[in-house]
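Raw input.txt, compact mmCIF, C-alpha atoms and all ligand atoms:
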# COMPACT_ATOMS: atom_id res chain seq x y z
CA MET A 245 -8.27 14.87 13.01
CA GLU A 246 -4.68 15.61 14.02
CA THR A 247 -2.18 12.84 13.22
CA GLN A 248 1.54 12.37 13.47
CA ILE A 249 3.94 10.67 11.11
CA SER A 250 5.55 7.73 12.86
CA ASP A 251 9.22 7.94 13.72
CA PRO A 252 10.42 4.45 12.80
CA ALA A 253 13.07 4.74 15.51
CA THR A 254 10.29 4.64 18.10
CA SER A 255 8.64 1.55 16.65
CA VAL A 256 11.56 -0.88 16.47
CA ASP A 257 10.43 -4.44 17.05
CA SER A 258 12.64 -6.11 19.65
CA ASP A 259 12.33 -9.67 18.24
CA ALA A 260 15.26 -9.81 15.79
CA THR A 261 14.61 -13.51 15.01
CA PHE A 262 11.08 -12.91 13.66
CA LEU A 263 10.75 -13.80 9.96
CA PRO A 264 7.97 -11.58 8.53
CA GLY A 265 7.53 -13.26 5.10
CA PRO A 266 5.14 -11.74 2.56
CA ILE A 267 2.68 -9.28 4.12
CA LEU A 268 -0.25 -7.75 2.28
CA LEU A 269 -1.89 -4.44 3.19
CA ILE A 270 -5.41 -4.14 1.78
CA GLY A 271 -7.61 -1.06 1.96
CA PRO A 272 -9.45 1.52 -0.12
CA PRO A 273 -7.63 4.47 -1.70
CA GLY A 274 -6.29 6.69 1.09
CA ALA A 275 -6.57 4.00 3.78
CA GLY A 276 -2.90 4.51 4.70
CA LYS A 277 -1.29 1.50 2.96
CA GLY A 278 1.73 3.46 1.71
CA THR A 279 2.20 5.31 5.01
CA GLN A 280 2.06 2.05 6.97
CA ALA A 281 4.20 0.07 4.54
CA LYS A 282 7.04 2.56 5.13
CA ASN A 283 6.77 2.10 8.91
CA VAL A 284 6.68 -1.70 8.72
CA MET A 285 9.62 -1.60 6.30
CA ALA A 286 11.65 0.46 8.76
CA THR A 287 10.75 -1.84 11.66
CA TRP A 288 11.41 -5.21 10.08
CA GLN A 289 13.96 -4.16 7.42
CA ILE A 290 12.00 -5.62 4.53
CA PRO A 291 11.09 -3.74 1.32
CA GLN A 292 7.78 -2.18 0.33
CA VAL A 293 6.51 -3.53 -2.99
CA SER A 294 3.94 -1.00 -4.16
CA THR A 295 2.40 -1.73 -7.55
CA GLY A 296 1.10 1.86 -7.70
CA ASP A 297 4.68 3.20 -7.22
CA LEU A 298 6.12 0.70 -9.72
CA LEU A 299 3.49 1.67 -12.31
CA ARG A 300 4.05 5.41 -11.70
CA ALA A 301 7.82 4.88 -12.16
CA ASN A 302 7.07 3.22 -15.52
CA VAL A 303 4.79 6.10 -16.51
CA SER A 304 7.51 8.66 -15.62
CA ALA A 305 10.15 6.67 -17.51
CA GLY A 306 7.86 6.35 -20.56
CA THR A 307 8.31 2.55 -20.81
CA ALA A 308 5.91 0.47 -22.95
CA LEU A 309 4.16 -0.63 -19.72
CA GLY A 310 3.94 2.98 -18.55
CA VAL A 311 2.38 4.10 -21.81
CA GLN A 312 -0.30 1.40 -21.48
CA ALA A 313 -0.89 2.08 -17.78
CA LYS A 314 -1.11 5.89 -17.86
CA ALA A 315 -4.62 6.31 -19.25
CA ILE A 316 -6.01 3.41 -17.20
CA MET A 317 -4.64 4.87 -13.95
CA GLY A 318 -5.94 8.31 -14.90
CA ARG A 319 -9.45 6.85 -15.06
CA GLY A 320 -9.12 5.07 -11.70
CA GLU A 321 -9.41 1.63 -13.30
CA LEU A 322 -7.08 -1.36 -12.95
CA VAL A 323 -4.16 -2.27 -15.19
CA SER A 324 -4.50 -5.84 -16.54
CA ASP A 325 -3.61 -8.75 -14.27
CA ASP A 326 -1.14 -10.12 -16.78
CA LEU A 327 0.94 -6.91 -16.93
CA VAL A 328 0.90 -6.37 -13.17
CA ASN A 329 1.68 -10.00 -12.29
CA ARG A 330 4.73 -9.95 -14.57
CA MET A 331 5.92 -6.68 -13.04
CA VAL A 332 5.56 -8.11 -9.51
CA ALA A 333 7.31 -11.39 -10.47
CA GLU A 334 10.34 -9.38 -11.59
CA ARG A 335 10.39 -7.34 -8.37
CA LEU A 336 10.08 -10.38 -6.09
CA LYS A 337 13.20 -11.91 -7.65
CA GLU A 338 15.34 -9.15 -6.09
CA PRO A 339 17.56 -10.32 -3.20
CA ASP A 340 16.08 -7.81 -0.73
CA CYS A 341 12.80 -9.82 -0.77
CA VAL A 342 14.30 -12.99 0.74
CA ARG A 343 13.14 -12.38 4.36
CA GLY A 344 9.80 -10.96 3.27
CA TYR A 345 8.21 -7.83 1.83
CA ILE A 346 5.15 -5.64 2.23
CA LEU A 347 2.78 -5.75 -0.69
CA ASP A 348 0.96 -2.43 -0.99
CA GLY A 349 -1.78 -2.40 -3.62
CA PHE A 350 -1.26 -5.99 -4.82
CA PRO A 351 -3.09 -8.35 -5.23
CA ARG A 352 -6.14 -6.29 -6.08
CA THR A 353 -8.20 -8.82 -8.02
CA ILE A 354 -9.01 -12.48 -7.37
CA GLY A 355 -6.96 -13.33 -10.47
CA GLN A 356 -3.90 -11.58 -8.97
CA ALA A 357 -4.44 -13.28 -5.58
CA GLU A 358 -4.65 -16.74 -7.16
CA TRP A 359 -1.55 -16.00 -9.25
CA LEU A 360 0.35 -14.91 -6.12
CA ASP A 361 -0.69 -18.01 -4.15
CA ARG A 362 0.57 -20.22 -7.00
CA HIS A 363 3.76 -18.19 -7.42
CA LEU A 364 4.62 -18.49 -3.70
CA ALA A 365 3.72 -22.19 -3.51
CA GLU A 366 6.17 -22.89 -6.35
CA ARG A 367 9.04 -21.34 -4.36
CA SER A 368 10.14 -24.08 -1.96
CA GLY A 369 10.19 -23.16 1.71
CA GLY A 370 8.45 -19.84 1.19
CA LEU A 371 5.89 -18.56 3.68
CA PRO A 372 2.34 -17.84 2.45
CA VAL A 373 0.98 -14.30 2.41
CA VAL A 374 -0.72 -12.90 5.52
CA ALA A 375 -3.00 -9.88 5.10
CA VAL A 376 -4.14 -6.90 7.15
CA ARG A 377 -7.11 -4.87 5.93
CA LEU A 378 -7.24 -1.22 6.98
CA LYS A 379 -10.82 -0.08 7.53
CA VAL A 380 -11.39 3.68 7.31
CA ASP A 381 -14.66 5.59 7.34
CA TYR A 382 -15.33 6.58 3.72
CA THR A 383 -16.13 10.17 4.75
CA HIS A 384 -12.48 10.58 5.88
CA LEU A 385 -10.97 9.19 2.70
CA VAL A 386 -11.79 12.18 0.48
CA ARG A 387 -9.85 14.53 2.76
CA ARG A 388 -6.95 12.11 2.93
CA ILE A 389 -6.81 11.83 -0.86
CA THR A 390 -7.34 15.47 -1.84
CA GLY A 391 -4.95 16.69 0.88
CA ARG A 392 -2.15 14.20 0.13
CA ARG A 393 1.23 15.51 -1.05
CA ASN A 394 4.26 13.30 -1.82
CA CYS A 395 7.98 13.97 -1.83
CA PRO A 396 9.33 12.83 -5.22
CA THR A 397 12.84 12.50 -3.74
CA CYS A 398 12.41 10.40 -0.58
CA GLY A 399 8.79 9.19 -0.91
CA SER A 400 7.58 10.80 2.35
CA ILE A 401 3.79 11.23 2.47
CA TYR A 402 2.14 14.38 3.90
CA ASN A 403 -1.36 15.76 4.13
CA VAL A 404 -2.00 19.50 3.93
CA TYR A 405 -5.07 19.15 6.22
CA LEU A 406 -4.02 16.40 8.63
CA HIS A 407 -0.22 16.62 9.01
CA PRO A 408 1.21 19.34 6.79
CA PRO A 409 4.94 19.85 6.17
CA LYS A 410 6.60 22.51 8.35
CA ASP A 411 7.55 24.62 5.33
CA ASP A 412 4.57 25.08 3.03
CA GLU A 413 4.62 22.41 0.27
CA ARG A 414 8.28 21.33 0.85
CA CYS A 415 9.53 18.03 2.29
CA ASP A 416 10.63 18.30 5.93
CA LEU A 417 13.46 15.82 5.32
CA ASP A 418 15.10 17.12 2.13
CA GLY A 419 13.34 20.38 1.15
CA THR A 420 12.10 19.04 -2.21
CA PRO A 421 8.87 20.71 -3.46
CA LEU A 422 6.00 18.28 -2.80
CA VAL A 423 3.80 16.99 -5.62
CA ARG A 424 0.17 15.96 -5.92
CA ARG A 425 -0.72 12.74 -7.73
CA SER A 426 -2.75 13.30 -10.90
CA ASP A 427 -5.34 10.70 -9.76
CA ASP A 428 -5.91 12.44 -6.42
CA THR A 429 -8.95 14.40 -7.59
CA GLU A 430 -12.37 13.81 -6.05
CA GLU A 431 -13.71 12.59 -9.39
CA VAL A 432 -11.02 9.93 -9.97
CA PHE A 433 -11.12 8.98 -6.27
CA THR A 434 -14.83 8.11 -6.65
CA GLU A 435 -14.00 5.74 -9.50
CA ARG A 436 -11.04 4.23 -7.59
CA LEU A 437 -13.33 3.55 -4.64
CA ARG A 438 -15.90 1.91 -6.93
CA THR A 439 -13.15 -0.25 -8.44
CA TYR A 440 -11.97 -1.20 -4.93
CA GLU A 441 -15.44 -2.30 -3.84
CA ALA A 442 -16.06 -4.31 -7.00
CA GLN A 443 -12.68 -5.95 -7.53
CA THR A 444 -10.53 -5.75 -4.39
CA ALA A 445 -13.06 -6.38 -1.60
CA PRO A 446 -13.34 -10.04 -2.81
CA VAL A 447 -9.56 -10.38 -2.32
CA ALA A 448 -10.05 -9.73 1.40
CA ALA A 449 -12.74 -12.43 1.47
CA HIS A 450 -10.30 -14.80 -0.29
CA TYR A 451 -7.71 -14.44 2.51
CA ARG A 452 -10.33 -14.32 5.29
CA ALA A 453 -11.66 -17.74 4.14
CA GLN A 454 -8.16 -19.14 4.71
CA ASN A 455 -7.73 -17.48 8.14
CA ARG A 456 -4.93 -15.35 6.74
CA LEU A 457 -6.49 -11.90 7.21
CA GLU A 458 -7.16 -9.57 10.14
CA ASP A 459 -9.12 -6.31 10.03
CA LEU A 460 -7.73 -3.20 11.69
CA ASP A 461 -9.21 0.21 12.46
CA GLY A 462 -7.24 2.53 10.12
CA ASP A 463 -8.91 5.63 11.59
CA GLN A 464 -6.51 5.67 14.55
CA PRO A 465 -3.33 7.80 14.71
CA VAL A 466 -0.57 6.54 12.39
CA ASP A 467 1.59 5.04 15.18
CA ALA A 468 -1.35 3.12 16.66
CA VAL A 469 -2.15 1.64 13.23
CA THR A 470 1.50 0.59 12.79
CA ALA A 471 1.51 -1.14 16.18
CA GLY A 472 -1.75 -2.89 15.24
CA ILE A 473 -0.28 -4.18 11.96
CA LEU A 474 2.88 -5.52 13.63
CA ALA A 475 0.78 -7.33 16.26
CA ALA A 476 -1.66 -8.72 13.67
CA VAL A 477 1.14 -10.10 11.49
CA LYS A 478 2.75 -11.80 14.49
CA ARG A 479 -0.60 -13.40 15.43
CA LEU A 480 -1.21 -14.56 11.85
CA ARG A 481 2.28 -16.10 11.73
CA SER A 482 2.01 -17.87 15.10
P1 LIG B 1 -2.12 2.93 -5.71
O1 LIG B 1 -0.97 3.84 -5.80
O2 LIG B 1 -1.93 1.60 -5.10
O3 LIG B 1 -3.32 3.75 -5.00
P2 LIG B 1 -4.48 3.33 -3.98
O4 LIG B 1 -4.62 1.87 -3.70
O5 LIG B 1 -5.68 4.02 -4.48
O6 LIG B 1 -3.97 3.82 -2.63
P3 LIG B 1 -3.36 5.21 -2.32
O7 LIG B 1 -1.90 5.22 -2.67
O8 LIG B 1 -4.20 6.30 -2.87
O9 LIG B 1 -3.59 5.31 -0.72
P4 LIG B 1 -2.84 4.63 0.48
O10 LIG B 1 -3.75 3.63 1.11
O11 LIG B 1 -1.45 4.18 0.14
O12 LIG B 1 -2.78 5.89 1.47
P5 LIG B 1 -1.55 6.80 1.96
O13 LIG B 1 -0.69 6.04 2.91
O14 LIG B 1 -0.88 7.47 0.81
O15 LIG B 1 -2.73 2.66 -7.16
C1 LIG B 1 -2.91 3.73 -8.08
C2 LIG B 1 -3.43 3.16 -9.41
O16 LIG B 1 -2.45 2.26 -9.98
C3 LIG B 1 -4.72 2.32 -9.33
O17 LIG B 1 -5.88 3.14 -9.37
C4 LIG B 1 -4.58 1.43 -10.57
O18 LIG B 1 -4.93 2.12 -11.74
C5 LIG B 1 -3.08 1.14 -10.62
N1 LIG B 1 -2.72 -0.09 -9.89
C6 LIG B 1 -1.98 -0.14 -8.73
N2 LIG B 1 -1.86 -1.41 -8.32
C7 LIG B 1 -2.54 -2.18 -9.22
C8 LIG B 1 -2.79 -3.58 -9.31
N3 LIG B 1 -2.34 -4.43 -8.39
N4 LIG B 1 -3.52 -4.02 -10.37
C9 LIG B 1 -4.00 -3.16 -11.30
N5 LIG B 1 -3.80 -1.83 -11.26
C10 LIG B 1 -3.07 -1.34 -10.23
O19 LIG B 1 -2.37 7.88 2.82
C11 LIG B 1 -3.31 8.75 2.20
C12 LIG B 1 -3.34 10.10 2.95
O20 LIG B 1 -3.83 9.89 4.27
C13 LIG B 1 -1.94 10.73 3.10
O21 LIG B 1 -2.05 12.13 2.99
C14 LIG B 1 -1.52 10.32 4.53
O22 LIG B 1 -0.63 11.24 5.07
C15 LIG B 1 -2.88 10.29 5.25
N6 LIG B 1 -2.93 9.30 6.33
C16 LIG B 1 -2.43 8.03 6.31
N7 LIG B 1 -2.69 7.40 7.46
C17 LIG B 1 -3.38 8.28 8.24
C18 LIG B 1 -3.96 8.22 9.54
N8 LIG B 1 -3.87 7.10 10.30
N9 LIG B 1 -4.62 9.31 9.98
C19 LIG B 1 -4.72 10.43 9.22
N10 LIG B 1 -4.19 10.56 7.99
C20 LIG B 1 -3.54 9.49 7.50

As structure tokens, the full file:
Amino acid sequence: METQISDPATSVDSDATFLPGPILLIGPPGAGKGTQAKNVMATWQIPQVSTGDLLRANVSAGTALGVQAKAIMGRGELVSDDLVNRMVAERLKEPDCVRGYILDGFPRTIGQAEWLDRHLAERSGGLPVVAVRLKVDYTHLVRRITGRRNCPTCGSIYNVYLHPPKDDERCDLDGTPLVRRSDDTEEVFTERLRTYEAQTAPVAAHYRAQNRLEDLDGDQPVDAVTAGILAAVKRLRS
């Protein structure tokens, strides 16, 4: 399947008064959460809050949290709710989160979802989370995961099978050699998928029960998925 990376300049939302609030992207590993979060971020000028990226930054920096998280992530299991909730609470205090943010990979357990609901309710005037679940045929996910390459400088996401960089294994934007995540093996992917089904699928049900979730076909080209997310969030906020 041939896909194109979205040019955020082509997906600018014309409604400058729209207040996005907290948006959650849910989906299995490789569903396109990170790819889409970057497009939504560019459109609505709100930050991406990716717990996977925050944890990987801690692992790289060798912090106490990173030391605890490294082995757990390497097995495709989840870091404890307590550690992740505290990390997210710190990030959400930053001033760039005032108009909203895109949560990518959080909440991923019912415990995290209930914590987030409480945390947002305690902040006066804050909007509740609305969620979009990306549904992708599981047979496509393996290729997405094993072919993924990331730019460690600018965060751009490529896929050597589906949308490779122009210059073999270098970022189109800044020329940095691309890297492969250590958990992007078929073996760890299988465990991540199992963890998703057992622990994160109930999170979607949690938001669905409150009419705060829409499902979207994540098997479409990247730009079509972005347009679908923007439209779904606007419906959920109306
Ligand atoms: P995390 O980093 O969140 O990984 P994940 O949820 O498994 O998701 P991925 O990043 O693998 O995929 P994605 O959906 O972002 O897809 P992407 O856009 O890159 O978490 C990693 C680990 O950290 C966890 O296993 C856990 O241990 C820990 N962790 C994180 N959060 C936690 C939490 N809240 N609690 C506890 N532990 C936590 O796209 C994938 C590929 O597909 C790319 O190559 C891309 O180019 C391609 N692609 C994207 N969209 C399309 C499309 N429409 N068509 C074709 N190709 C596409």

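For the residues A:Leu268, A:Met331, A:Met285, A:Ala449, ranking by smallest atom-to-atom distance to A:Ala301 using all atoms listed in the file places A:Met331 first.
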
- Message: Let me see if you get this right: every residue at most 7 Å from ligand LIG 1 (chain B), counting all atoms listed in the file, written as an MDAnalysis selection string.
- Response: chainID A and resid 245 247 271:280 294:297 299 316:317 320:325 328 348:352 388:389 391:393 401:403 406:407 436 462:466 469

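Here the question is which of A:Asn394, A:Gln443, A:Thr429, A:Thr470 gets nearest to A:Leu378 using only C-alpha atoms, and that residue is A:Thr470.
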
- How far is it from atom CA of A:Asp459 to atom CA of A:Glu441, in Å with one decimal? 15.8 Å

- With a distance cut-off of 8 Å and all atoms listed in the file, select the neighbouring residues of A:Ile354, excluding the residue or stretch itself and same-chain residues fewer than 5 positions from it, and output the selection as an MDAnalysis selection string. chainID A and resid 443:444 446:447 450

Could the residues in this selection be saved with C-alpha atoms as a PDB file, in the frame of the given file?
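What follows is the written file part.pdb:
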ATOM      1  CA  GLN A 443     -12.680  -5.950  -7.530  1.00  0.00           C
ATOM      2  CA  THR A 444     -10.530  -5.750  -4.390  1.00  0.00           C
ATOM      3  CA  PRO A 446     -13.340 -10.040  -2.810  1.00  0.00           C
ATOM      4  CA  VAL A 447      -9.560 -10.380  -2.320  1.00  0.00           C
ATOM      5  CA  HIS A 450     -10.300 -14.800  -0.290  1.00  0.00           C
TER       6      HIS A 450
END

Using all atoms listed in the file, tabulate the residues of stretch 263-302 of chain A lying at most 12 Å from any atom of stretch 360-368 of chain A, each with its closest atom pair and that distance in Å to one decimal, by chain and increasing residue number, as a Markdown table.
| residue | atom | partner | partner_atom | distance |
| --- | --- | --- | --- | --- |
| A:Gly265 | CA | A:Leu364 | CA | 10.6 |
| A:Pro266 | CA | A:Leu364 | CA | 9.2 |
| A:Ile267 | CA | A:Leu360 | CA | 11.9 |
| A:Leu268 | CA | A:Leu360 | CA | 11.1 |

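The shell of residues at most 7 Å from A:Gln292, with only C-alpha atoms counted and near chain neighbours (fewer than 5 positions) removed, consists of Ala281, Lys282, Met285, Tyr345, Ile346, Leu347 and Asp348 of chain A.
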
Since we have the selection now, will you write its residues out, keeping C-alpha atoms, as a PDB file, keeping the file's coordinate frame?
ATOM      1  CA  ALA A 281       4.200   0.070   4.540  1.00  0.00           C
ATOM      2  CA  LYS A 282       7.040   2.560   5.130  1.00  0.00           C
ATOM      3  CA  MET A 285       9.620  -1.600   6.300  1.00  0.00           C
ATOM      4  CA  TYR A 345       8.210  -7.830   1.830  1.00  0.00           C
ATOM      5  CA  ILE A 346       5.150  -5.640   2.230  1.00  0.00           C
ATOM      6  CA  LEU A 347       2.780  -5.750  -0.690  1.00  0.00           C
ATOM      7  CA  ASP A 348       0.960  -2.430  -0.990  1.00  0.00           C
TER       8      ASP A 348
END

- Message: Just want the 7 Å neighbourhood of A:Glu458, counted on only C-alpha atoms, with same-chain residues fewer than 2 positions away dropped. Output as JSON, numbers by chain.
- Response: {"A": [375, 376, 377, 460, 476]}
